[in-house]
$ cat start-v9.cif   # mmCIF, N, CA and C atoms
data_entry
#
loop_
_atom_site.label_atom_id
_atom_site.label_comp_id
_atom_site.auth_asym_id
_atom_site.auth_seq_id
_atom_site.Cartn_x
_atom_site.Cartn_y
_atom_site.Cartn_z
N MET A 214 -21.87 -19.08 9.70
CA MET A 214 -20.99 -18.69 8.60
C MET A 214 -20.84 -17.16 8.60
N THR A 215 -19.59 -16.68 8.58
CA THR A 215 -19.31 -15.26 8.57
C THR A 215 -19.16 -14.79 7.13
N GLU A 216 -19.87 -13.74 6.80
CA GLU A 216 -19.78 -13.18 5.45
C GLU A 216 -18.63 -12.19 5.38
N THR A 217 -17.79 -12.33 4.37
CA THR A 217 -16.70 -11.40 4.15
C THR A 217 -17.20 -10.28 3.26
N LEU A 218 -17.09 -9.07 3.75
CA LEU A 218 -17.54 -7.91 2.97
C LEU A 218 -16.42 -7.42 2.09
N GLU A 219 -16.77 -7.07 0.89
CA GLU A 219 -15.81 -6.43 0.00
C GLU A 219 -15.56 -5.03 0.52
N PRO A 220 -14.35 -4.52 0.39
CA PRO A 220 -14.08 -3.17 0.89
C PRO A 220 -14.89 -2.14 0.11
N SER A 221 -15.25 -1.08 0.81
CA SER A 221 -16.02 0.00 0.18
C SER A 221 -15.12 0.98 -0.55
N LEU A 222 -13.83 0.94 -0.28
CA LEU A 222 -12.88 1.84 -0.92
C LEU A 222 -11.71 0.99 -1.42
N VAL A 223 -11.48 1.02 -2.73
CA VAL A 223 -10.35 0.30 -3.32
C VAL A 223 -9.62 1.25 -4.26
N PRO A 224 -8.47 1.78 -3.83
CA PRO A 224 -7.72 2.68 -4.71
C PRO A 224 -7.23 1.95 -5.96
N GLU A 225 -7.27 2.65 -7.09
CA GLU A 225 -6.71 2.14 -8.33
C GLU A 225 -5.51 3.02 -8.68
N LEU A 226 -4.35 2.41 -8.72
CA LEU A 226 -3.11 3.14 -8.98
C LEU A 226 -2.68 2.95 -10.42
N LEU A 227 -2.49 4.06 -11.14
CA LEU A 227 -1.89 3.98 -12.47
C LEU A 227 -0.39 3.80 -12.28
N VAL A 228 0.18 2.84 -12.99
CA VAL A 228 1.58 2.51 -12.83
C VAL A 228 2.27 2.50 -14.19
N ALA A 229 3.58 2.71 -14.18
CA ALA A 229 4.35 2.73 -15.43
C ALA A 229 4.58 1.33 -15.98
N ASP A 230 4.79 0.36 -15.09
CA ASP A 230 5.12 -1.01 -15.50
C ASP A 230 4.44 -1.97 -14.53
N LEU A 231 3.39 -2.64 -15.00
CA LEU A 231 2.62 -3.52 -14.13
C LEU A 231 3.48 -4.64 -13.54
N ASP A 232 4.36 -5.22 -14.33
CA ASP A 232 5.20 -6.31 -13.82
C ASP A 232 6.08 -5.83 -12.67
N GLN A 233 6.67 -4.66 -12.81
CA GLN A 233 7.51 -4.10 -11.75
C GLN A 233 6.67 -3.81 -10.50
N SER A 234 5.46 -3.31 -10.68
CA SER A 234 4.57 -3.04 -9.55
C SER A 234 4.16 -4.33 -8.85
N LEU A 235 3.84 -5.37 -9.62
CA LEU A 235 3.47 -6.65 -9.02
C LEU A 235 4.64 -7.26 -8.25
N GLU A 236 5.84 -7.08 -8.76
CA GLU A 236 7.01 -7.57 -8.03
C GLU A 236 7.11 -6.90 -6.66
N PHE A 237 6.92 -5.58 -6.62
CA PHE A 237 6.98 -4.86 -5.35
C PHE A 237 5.83 -5.28 -4.44
N TRP A 238 4.60 -5.12 -4.91
CA TRP A 238 3.43 -5.34 -4.07
C TRP A 238 3.23 -6.80 -3.68
N CYS A 239 3.45 -7.72 -4.60
CA CYS A 239 3.19 -9.14 -4.33
C CYS A 239 4.44 -9.87 -3.83
N ASP A 240 5.51 -9.82 -4.61
CA ASP A 240 6.71 -10.59 -4.24
C ASP A 240 7.35 -10.07 -2.96
N LEU A 241 7.37 -8.75 -2.76
CA LEU A 241 8.04 -8.19 -1.59
C LEU A 241 7.08 -7.91 -0.43
N CYS A 242 5.93 -7.32 -0.73
CA CYS A 242 5.04 -6.86 0.35
C CYS A 242 3.96 -7.86 0.76
N GLY A 243 3.84 -8.97 0.04
CA GLY A 243 2.95 -10.03 0.47
C GLY A 243 1.53 -10.01 -0.07
N PHE A 244 1.22 -9.09 -0.97
CA PHE A 244 -0.11 -9.10 -1.59
C PHE A 244 -0.22 -10.29 -2.53
N GLY A 245 -1.45 -10.69 -2.81
CA GLY A 245 -1.71 -11.73 -3.80
C GLY A 245 -2.62 -11.18 -4.88
N VAL A 246 -2.52 -11.74 -6.07
CA VAL A 246 -3.38 -11.32 -7.18
C VAL A 246 -4.73 -12.03 -7.03
N ALA A 247 -5.78 -11.27 -6.81
CA ALA A 247 -7.13 -11.84 -6.73
C ALA A 247 -7.62 -12.18 -8.13
N TYR A 248 -7.38 -11.27 -9.07
CA TYR A 248 -7.67 -11.53 -10.47
C TYR A 248 -6.93 -10.50 -11.31
N SER A 249 -6.80 -10.81 -12.59
CA SER A 249 -6.09 -9.88 -13.48
C SER A 249 -6.72 -9.93 -14.87
N ARG A 250 -6.44 -8.90 -15.63
CA ARG A 250 -6.82 -8.84 -17.04
C ARG A 250 -5.53 -8.49 -17.80
N PRO A 251 -4.74 -9.50 -18.12
CA PRO A 251 -3.42 -9.24 -18.73
C PRO A 251 -3.49 -8.40 -20.00
N GLU A 252 -4.52 -8.58 -20.81
CA GLU A 252 -4.63 -7.81 -22.06
C GLU A 252 -4.81 -6.33 -21.79
N GLU A 253 -5.32 -5.98 -20.62
CA GLU A 253 -5.49 -4.57 -20.23
C GLU A 253 -4.39 -4.10 -19.29
N ARG A 254 -3.45 -5.00 -18.96
CA ARG A 254 -2.36 -4.70 -18.01
C ARG A 254 -2.95 -4.20 -16.69
N PHE A 255 -3.87 -5.00 -16.14
CA PHE A 255 -4.62 -4.68 -14.93
C PHE A 255 -4.53 -5.85 -13.96
N ALA A 256 -4.40 -5.54 -12.67
CA ALA A 256 -4.44 -6.57 -11.64
C ALA A 256 -5.13 -6.03 -10.40
N TYR A 257 -5.96 -6.86 -9.81
CA TYR A 257 -6.61 -6.57 -8.54
C TYR A 257 -5.88 -7.39 -7.49
N ILE A 258 -5.29 -6.71 -6.50
CA ILE A 258 -4.46 -7.40 -5.51
C ILE A 258 -5.02 -7.17 -4.11
N ALA A 259 -4.71 -8.10 -3.21
CA ALA A 259 -5.23 -7.98 -1.85
C ALA A 259 -4.24 -8.60 -0.86
N LEU A 260 -4.24 -8.02 0.33
CA LEU A 260 -3.52 -8.55 1.48
C LEU A 260 -4.47 -8.39 2.66
N GLY A 261 -5.12 -9.48 3.06
CA GLY A 261 -6.15 -9.38 4.08
C GLY A 261 -7.27 -8.50 3.56
N SER A 262 -7.63 -7.49 4.34
CA SER A 262 -8.71 -6.58 3.91
C SER A 262 -8.19 -5.35 3.17
N ALA A 263 -6.89 -5.30 2.89
CA ALA A 263 -6.32 -4.21 2.09
C ALA A 263 -6.36 -4.62 0.62
N HIS A 264 -7.09 -3.87 -0.18
CA HIS A 264 -7.25 -4.18 -1.59
C HIS A 264 -6.76 -3.00 -2.43
N LEU A 265 -6.11 -3.29 -3.55
CA LEU A 265 -5.65 -2.27 -4.49
C LEU A 265 -5.89 -2.77 -5.91
N MET A 266 -6.10 -1.84 -6.82
CA MET A 266 -6.11 -2.16 -8.24
C MET A 266 -4.89 -1.47 -8.85
N LEU A 267 -4.20 -2.19 -9.72
CA LEU A 267 -3.04 -1.65 -10.43
C LEU A 267 -3.34 -1.68 -11.92
N GLU A 268 -3.11 -0.57 -12.58
CA GLU A 268 -3.37 -0.50 -14.02
C GLU A 268 -2.21 0.23 -14.69
N GLN A 269 -1.66 -0.39 -15.72
CA GLN A 269 -0.54 0.22 -16.44
C GLN A 269 -1.04 1.38 -17.30
N ALA A 270 -0.46 2.54 -17.10
CA ALA A 270 -0.84 3.73 -17.86
C ALA A 270 -0.56 3.52 -19.34
N GLY A 271 -1.45 4.01 -20.16
CA GLY A 271 -1.28 3.92 -21.60
C GLY A 271 -1.88 2.68 -22.23
N VAL A 272 -2.42 1.79 -21.40
CA VAL A 272 -3.06 0.57 -21.89
C VAL A 272 -4.48 0.57 -21.35
N GLY A 273 -5.44 0.18 -22.16
CA GLY A 273 -6.81 0.16 -21.68
C GLY A 273 -7.37 1.55 -21.50
N ARG A 274 -8.32 1.66 -20.61
CA ARG A 274 -9.04 2.91 -20.38
C ARG A 274 -8.51 3.54 -19.10
N ASN A 275 -7.73 4.61 -19.22
CA ASN A 275 -7.19 5.33 -18.07
C ASN A 275 -7.94 6.63 -17.87
N TRP A 276 -8.22 6.94 -16.61
CA TRP A 276 -8.84 8.22 -16.27
C TRP A 276 -7.75 9.11 -15.69
N ILE A 277 -7.26 10.02 -16.50
CA ILE A 277 -6.14 10.87 -16.11
C ILE A 277 -6.61 12.31 -16.07
N THR A 278 -6.47 12.93 -14.90
CA THR A 278 -6.98 14.29 -14.71
C THR A 278 -5.90 15.36 -14.88
N GLY A 279 -4.65 14.94 -15.01
CA GLY A 279 -3.55 15.89 -15.16
C GLY A 279 -2.30 15.14 -15.55
N PRO A 280 -1.19 15.86 -15.71
CA PRO A 280 0.06 15.22 -16.09
C PRO A 280 0.50 14.19 -15.05
N LEU A 281 0.96 13.04 -15.51
CA LEU A 281 1.47 12.01 -14.61
C LEU A 281 2.97 12.25 -14.42
N GLU A 282 3.29 12.94 -13.34
CA GLU A 282 4.68 13.26 -13.03
C GLU A 282 5.09 12.53 -11.76
N ARG A 283 6.28 11.95 -11.79
CA ARG A 283 6.78 11.23 -10.62
C ARG A 283 7.23 12.22 -9.55
N PRO A 284 7.06 11.90 -8.27
CA PRO A 284 6.41 10.69 -7.78
C PRO A 284 4.89 10.81 -7.90
N LEU A 285 4.26 9.69 -8.24
CA LEU A 285 2.81 9.69 -8.37
C LEU A 285 2.17 9.67 -6.99
N GLY A 286 0.94 10.13 -6.92
CA GLY A 286 0.20 10.10 -5.67
C GLY A 286 0.62 11.14 -4.65
N ARG A 287 1.20 12.23 -5.12
CA ARG A 287 1.65 13.26 -4.18
C ARG A 287 0.50 13.74 -3.31
N GLY A 288 0.78 13.86 -2.01
CA GLY A 288 -0.21 14.37 -1.08
C GLY A 288 -1.03 13.29 -0.39
N ILE A 289 -0.75 12.04 -0.69
CA ILE A 289 -1.49 10.95 -0.06
C ILE A 289 -0.51 9.86 0.36
N ASN A 290 -0.84 9.18 1.47
CA ASN A 290 -0.12 7.94 1.76
C ASN A 290 -1.17 6.90 2.05
N LEU A 291 -0.88 5.69 1.63
CA LEU A 291 -1.79 4.57 1.82
C LEU A 291 -1.35 3.81 3.06
N GLN A 292 -2.17 3.82 4.11
CA GLN A 292 -1.84 3.09 5.33
C GLN A 292 -2.34 1.66 5.19
N ILE A 293 -1.43 0.70 5.39
CA ILE A 293 -1.79 -0.71 5.27
C ILE A 293 -1.32 -1.43 6.52
N THR A 294 -2.24 -2.13 7.18
CA THR A 294 -1.92 -2.87 8.38
C THR A 294 -1.38 -4.24 8.01
N VAL A 295 -0.24 -4.59 8.58
CA VAL A 295 0.38 -5.89 8.38
C VAL A 295 0.70 -6.48 9.75
N PRO A 296 0.86 -7.80 9.82
CA PRO A 296 1.13 -8.41 11.13
C PRO A 296 2.48 -8.03 11.72
N ASP A 297 3.51 -7.83 10.87
CA ASP A 297 4.87 -7.64 11.39
C ASP A 297 5.64 -6.66 10.50
N THR A 298 5.62 -5.38 10.89
CA THR A 298 6.31 -4.37 10.08
C THR A 298 7.82 -4.57 10.09
N ALA A 299 8.38 -5.05 11.19
CA ALA A 299 9.83 -5.25 11.26
C ALA A 299 10.28 -6.28 10.23
N ALA A 300 9.54 -7.37 10.12
CA ALA A 300 9.89 -8.40 9.13
C ALA A 300 9.76 -7.86 7.71
N LEU A 301 8.70 -7.10 7.45
CA LEU A 301 8.51 -6.54 6.11
C LEU A 301 9.61 -5.54 5.77
N ALA A 302 9.99 -4.71 6.72
CA ALA A 302 11.08 -3.75 6.48
C ALA A 302 12.37 -4.49 6.16
N GLN A 303 12.62 -5.63 6.79
CA GLN A 303 13.81 -6.42 6.49
C GLN A 303 13.75 -7.00 5.09
N VAL A 304 12.59 -7.51 4.68
CA VAL A 304 12.42 -8.04 3.32
C VAL A 304 12.73 -6.95 2.29
N LEU A 305 12.17 -5.76 2.50
CA LEU A 305 12.40 -4.67 1.56
C LEU A 305 13.87 -4.26 1.56
N GLY A 306 14.50 -4.21 2.72
CA GLY A 306 15.91 -3.86 2.81
C GLY A 306 16.80 -4.85 2.07
N ARG A 307 16.52 -6.15 2.24
CA ARG A 307 17.30 -7.17 1.53
C ARG A 307 17.15 -7.07 0.03
N ALA A 308 15.98 -6.55 -0.42
CA ALA A 308 15.73 -6.38 -1.86
C ALA A 308 16.31 -5.07 -2.38
N GLY A 309 16.94 -4.28 -1.51
CA GLY A 309 17.54 -3.03 -1.94
C GLY A 309 16.58 -1.87 -2.05
N VAL A 310 15.41 -1.99 -1.45
CA VAL A 310 14.40 -0.92 -1.48
C VAL A 310 14.69 0.04 -0.33
N ASP A 311 14.90 1.32 -0.66
CA ASP A 311 15.13 2.34 0.37
C ASP A 311 13.81 2.72 1.03
N LEU A 312 13.84 2.85 2.34
CA LEU A 312 12.65 3.29 3.06
C LEU A 312 12.58 4.81 3.05
N PHE A 313 11.39 5.35 2.90
CA PHE A 313 11.17 6.79 2.94
C PHE A 313 11.30 7.29 4.38
N MET A 314 10.80 6.48 5.34
CA MET A 314 10.94 6.77 6.76
C MET A 314 11.26 5.45 7.46
N GLN A 315 12.29 5.47 8.27
CA GLN A 315 12.71 4.27 8.99
C GLN A 315 11.63 3.85 9.99
N PRO A 316 11.63 2.57 10.38
CA PRO A 316 10.63 2.09 11.35
C PRO A 316 10.67 2.90 12.65
N GLU A 317 9.48 3.15 13.18
CA GLU A 317 9.34 3.87 14.43
C GLU A 317 8.14 3.34 15.19
N THR A 318 8.12 3.62 16.47
CA THR A 318 6.96 3.32 17.30
C THR A 318 6.32 4.65 17.68
N ARG A 319 5.01 4.77 17.47
CA ARG A 319 4.28 6.01 17.77
C ARG A 319 2.99 5.67 18.47
N TRP A 320 2.59 6.57 19.37
CA TRP A 320 1.30 6.48 20.04
C TRP A 320 0.49 7.71 19.64
N TYR A 321 -0.74 7.48 19.13
CA TYR A 321 -1.61 8.55 18.65
C TYR A 321 -2.84 8.65 19.54
N GLY A 322 -3.25 9.88 19.85
CA GLY A 322 -4.45 10.10 20.64
C GLY A 322 -5.69 9.65 19.88
N VAL A 323 -6.52 8.87 20.58
CA VAL A 323 -7.80 8.41 20.04
C VAL A 323 -8.81 8.54 21.17
N GLY A 324 -9.48 9.67 21.24
CA GLY A 324 -10.40 9.90 22.35
C GLY A 324 -9.64 9.94 23.67
N ALA A 325 -10.08 9.14 24.64
CA ALA A 325 -9.44 9.10 25.96
C ALA A 325 -8.26 8.12 25.99
N ASP A 326 -7.98 7.46 24.88
CA ASP A 326 -6.91 6.46 24.81
C ASP A 326 -5.84 6.90 23.82
N GLU A 327 -4.80 6.09 23.77
CA GLU A 327 -3.78 6.20 22.73
C GLU A 327 -3.70 4.87 22.01
N ALA A 328 -3.56 4.92 20.70
CA ALA A 328 -3.37 3.73 19.88
C ALA A 328 -1.91 3.69 19.46
N GLY A 329 -1.26 2.58 19.72
CA GLY A 329 0.15 2.43 19.38
C GLY A 329 0.35 1.70 18.08
N VAL A 330 1.34 2.15 17.32
CA VAL A 330 1.68 1.48 16.06
C VAL A 330 3.20 1.43 15.91
N HIS A 331 3.65 0.39 15.25
CA HIS A 331 5.02 0.32 14.74
C HIS A 331 4.84 0.53 13.25
N GLN A 332 5.56 1.48 12.66
CA GLN A 332 5.30 1.85 11.27
C GLN A 332 6.57 2.29 10.56
N PHE A 333 6.49 2.23 9.23
CA PHE A 333 7.52 2.80 8.38
C PHE A 333 6.86 3.20 7.07
N LEU A 334 7.54 4.05 6.31
CA LEU A 334 7.03 4.47 5.01
C LEU A 334 8.01 4.08 3.92
N VAL A 335 7.45 3.72 2.77
CA VAL A 335 8.22 3.34 1.60
C VAL A 335 7.46 3.81 0.36
N GLN A 336 8.20 4.10 -0.70
CA GLN A 336 7.56 4.44 -1.96
C GLN A 336 7.59 3.22 -2.87
N ASP A 337 6.48 2.97 -3.56
CA ASP A 337 6.44 1.88 -4.52
C ASP A 337 7.21 2.32 -5.77
N PRO A 338 7.35 1.47 -6.78
CA PRO A 338 8.17 1.84 -7.95
C PRO A 338 7.75 3.12 -8.67
N ASP A 339 6.50 3.53 -8.51
CA ASP A 339 6.03 4.76 -9.15
C ASP A 339 6.01 5.96 -8.23
N GLY A 340 6.42 5.76 -6.98
CA GLY A 340 6.49 6.86 -6.04
C GLY A 340 5.30 6.99 -5.12
N TYR A 341 4.30 6.11 -5.24
CA TYR A 341 3.19 6.14 -4.30
C TYR A 341 3.73 5.86 -2.91
N LEU A 342 3.34 6.68 -1.94
CA LEU A 342 3.83 6.57 -0.58
C LEU A 342 2.94 5.60 0.21
N VAL A 343 3.58 4.61 0.82
CA VAL A 343 2.85 3.57 1.55
C VAL A 343 3.35 3.54 2.99
N ARG A 344 2.41 3.58 3.93
CA ARG A 344 2.75 3.49 5.35
C ARG A 344 2.27 2.14 5.86
N PHE A 345 3.23 1.23 6.05
CA PHE A 345 2.91 -0.06 6.63
C PHE A 345 2.95 0.08 8.14
N GLN A 346 1.92 -0.45 8.83
CA GLN A 346 1.88 -0.32 10.28
C GLN A 346 1.34 -1.61 10.89
N SER A 347 1.82 -1.87 12.11
CA SER A 347 1.33 -2.99 12.93
C SER A 347 0.84 -2.39 14.24
N SER A 348 -0.30 -2.87 14.70
CA SER A 348 -0.90 -2.33 15.93
C SER A 348 -0.17 -2.82 17.17
N LEU A 349 0.01 -1.92 18.11
CA LEU A 349 0.55 -2.24 19.43
C LEU A 349 -0.56 -2.21 20.49
N GLY A 350 -1.80 -2.03 20.04
CA GLY A 350 -2.92 -1.98 20.97
C GLY A 350 -3.21 -0.57 21.45
N ARG A 351 -4.00 -0.49 22.50
CA ARG A 351 -4.40 0.81 23.08
C ARG A 351 -4.01 0.86 24.54
N ARG A 352 -3.86 2.10 25.01
CA ARG A 352 -3.57 2.34 26.42
C ARG A 352 -4.24 3.65 26.81
N PRO A 353 -4.51 3.81 28.10
CA PRO A 353 -5.09 5.10 28.54
C PRO A 353 -4.11 6.22 28.28
N THR A 354 -4.63 7.37 27.94
CA THR A 354 -3.76 8.53 27.73
C THR A 354 -3.09 8.90 29.02
N ALA A 355 -1.79 9.06 28.94
CA ALA A 355 -1.01 9.45 30.13
C ALA A 355 -1.34 10.89 30.50
N GLY A 356 -1.41 11.16 31.76
CA GLY A 356 -1.61 12.55 32.13
C GLY A 356 -2.44 12.70 33.26
#
$ encode --input "start-v9.cif" --output "structure tokens"
Amino acid sequence: MTETLEPSLVPELLVADLDQSLEFWCDLCGFGVAYSRPEERFAYIALGSAHLMLEQAGVGRNWITGPLERPLGRGINLQITVPDTAALAQVLGRAGVDLFMQPETRWYGVGADEAGVHQFLVQDPDGYLVRFQSSLGRRPTAG
């Protein structure tokens, strides 16, 4: 029997409207609600080993260190691995969601190898920047 470990890092995003955030993250991006506390406007969501907490600002106990100005999460992007970035980009496009960066293929140096990814960036309803990527595997560094 293989034990599934809970992630050691789970970002909690303050959001303006939990329902709108759940529509984006779950209905469009494929996350599922692991559990929620509706009275606190809180949901814990997961897609494989990618876990997030969503909490509606102004309800429950919020830890706010400064003004919440859009876009939220400036200076960070959340990288999430998905099986098929092309299919996800199409789902978002059909829903009228603009991509922050169009899909691309990139190879990044990792020691003596390169790791390939197909990726794109999108902002969630509150402006958090999300980089969805699918692995293309590794190859020896050219040169």
$ residues_near_point --input "start-v9.cif" --point "(0.0, -3.0, 0.8)" --cutoff "7 Å" --atoms "only C-alpha atoms" --output "VMD selection string"
chain A and resid 238 242 244 260 263 293
$ write_last_selection --input "start-v9.cif" --atoms "N, CA and C atoms" --output "tab-separated table (two decimals), in the frame of the given file"
chain	number	residue	atom	x	y	z
A	238	TRP	N	4.60	-5.12	-4.91
A	238	TRP	CA	3.43	-5.34	-4.07
A	238	TRP	C	3.23	-6.80	-3.68
A	242	CYS	N	5.93	-7.32	-0.73
A	242	CYS	CA	5.04	-6.86	0.35
A	242	CYS	C	3.96	-7.86	0.76
A	244	PHE	N	1.22	-9.09	-0.97
A	244	PHE	CA	-0.11	-9.10	-1.59
A	244	PHE	C	-0.22	-10.29	-2.53
A	260	LEU	N	-4.24	-8.02	0.33
A	260	LEU	CA	-3.52	-8.55	1.48
A	260	LEU	C	-4.47	-8.39	2.66
A	263	ALA	N	-6.89	-5.30	2.89
A	263	ALA	CA	-6.32	-4.21	2.09
A	263	ALA	C	-6.36	-4.62	0.62
A	293	ILE	N	-1.43	0.70	5.39
A	293	ILE	CA	-1.79	-0.71	5.27
A	293	ILE	C	-1.32	-1.43	6.52
$ atom_distance --input "start-v9.cif" --atom1 "CA of Ala229 in chain A" --atom2 "CA of Glu268 in chain A"
8.5 Å
$ atom_distance --input "start-v9.cif" --atom1 "atom N of Leu235 in chain A" --atom2 "CA of Val330 in chain A"
26.7 Å
$ resolve_selection --input "start-v9.cif" --expression "the PyMOL selection byres (((chain A and resi 270-275 and name CA) around 6) and name CA)" --output "list in words"
Leu227, Val228, Ala229, Glu253, Gln269, Trp276 and Ile277 of chain A
$ closest_residue --input "start-v9.cif" --among "A:Leu342, A:Val323, A:Leu231, A:Val310" --to "Leu285 in chain A" --atoms "all atoms listed in the file"
A:Leu342
$ closest_residue --input "start-v9.cif" --among "A:Pro251, A:Pro284, A:Pro316, A:Gly322" --to "Asp339 in chain A" --atoms "all atoms listed in the file"
A:Pro284
$ atom_distance --input "start-v9.cif" --atom1 "atom C of Gln292 in chain A" --atom2 "atom N of Ala325 in chain A"
22.2 Å
$ closest_residue --input "start-v9.cif" --among "A:Ala300, A:Ala328, A:Phe333, A:Gly340" --to "Leu312 in chain A" --atoms "only N, CA and C atoms"
A:Phe333
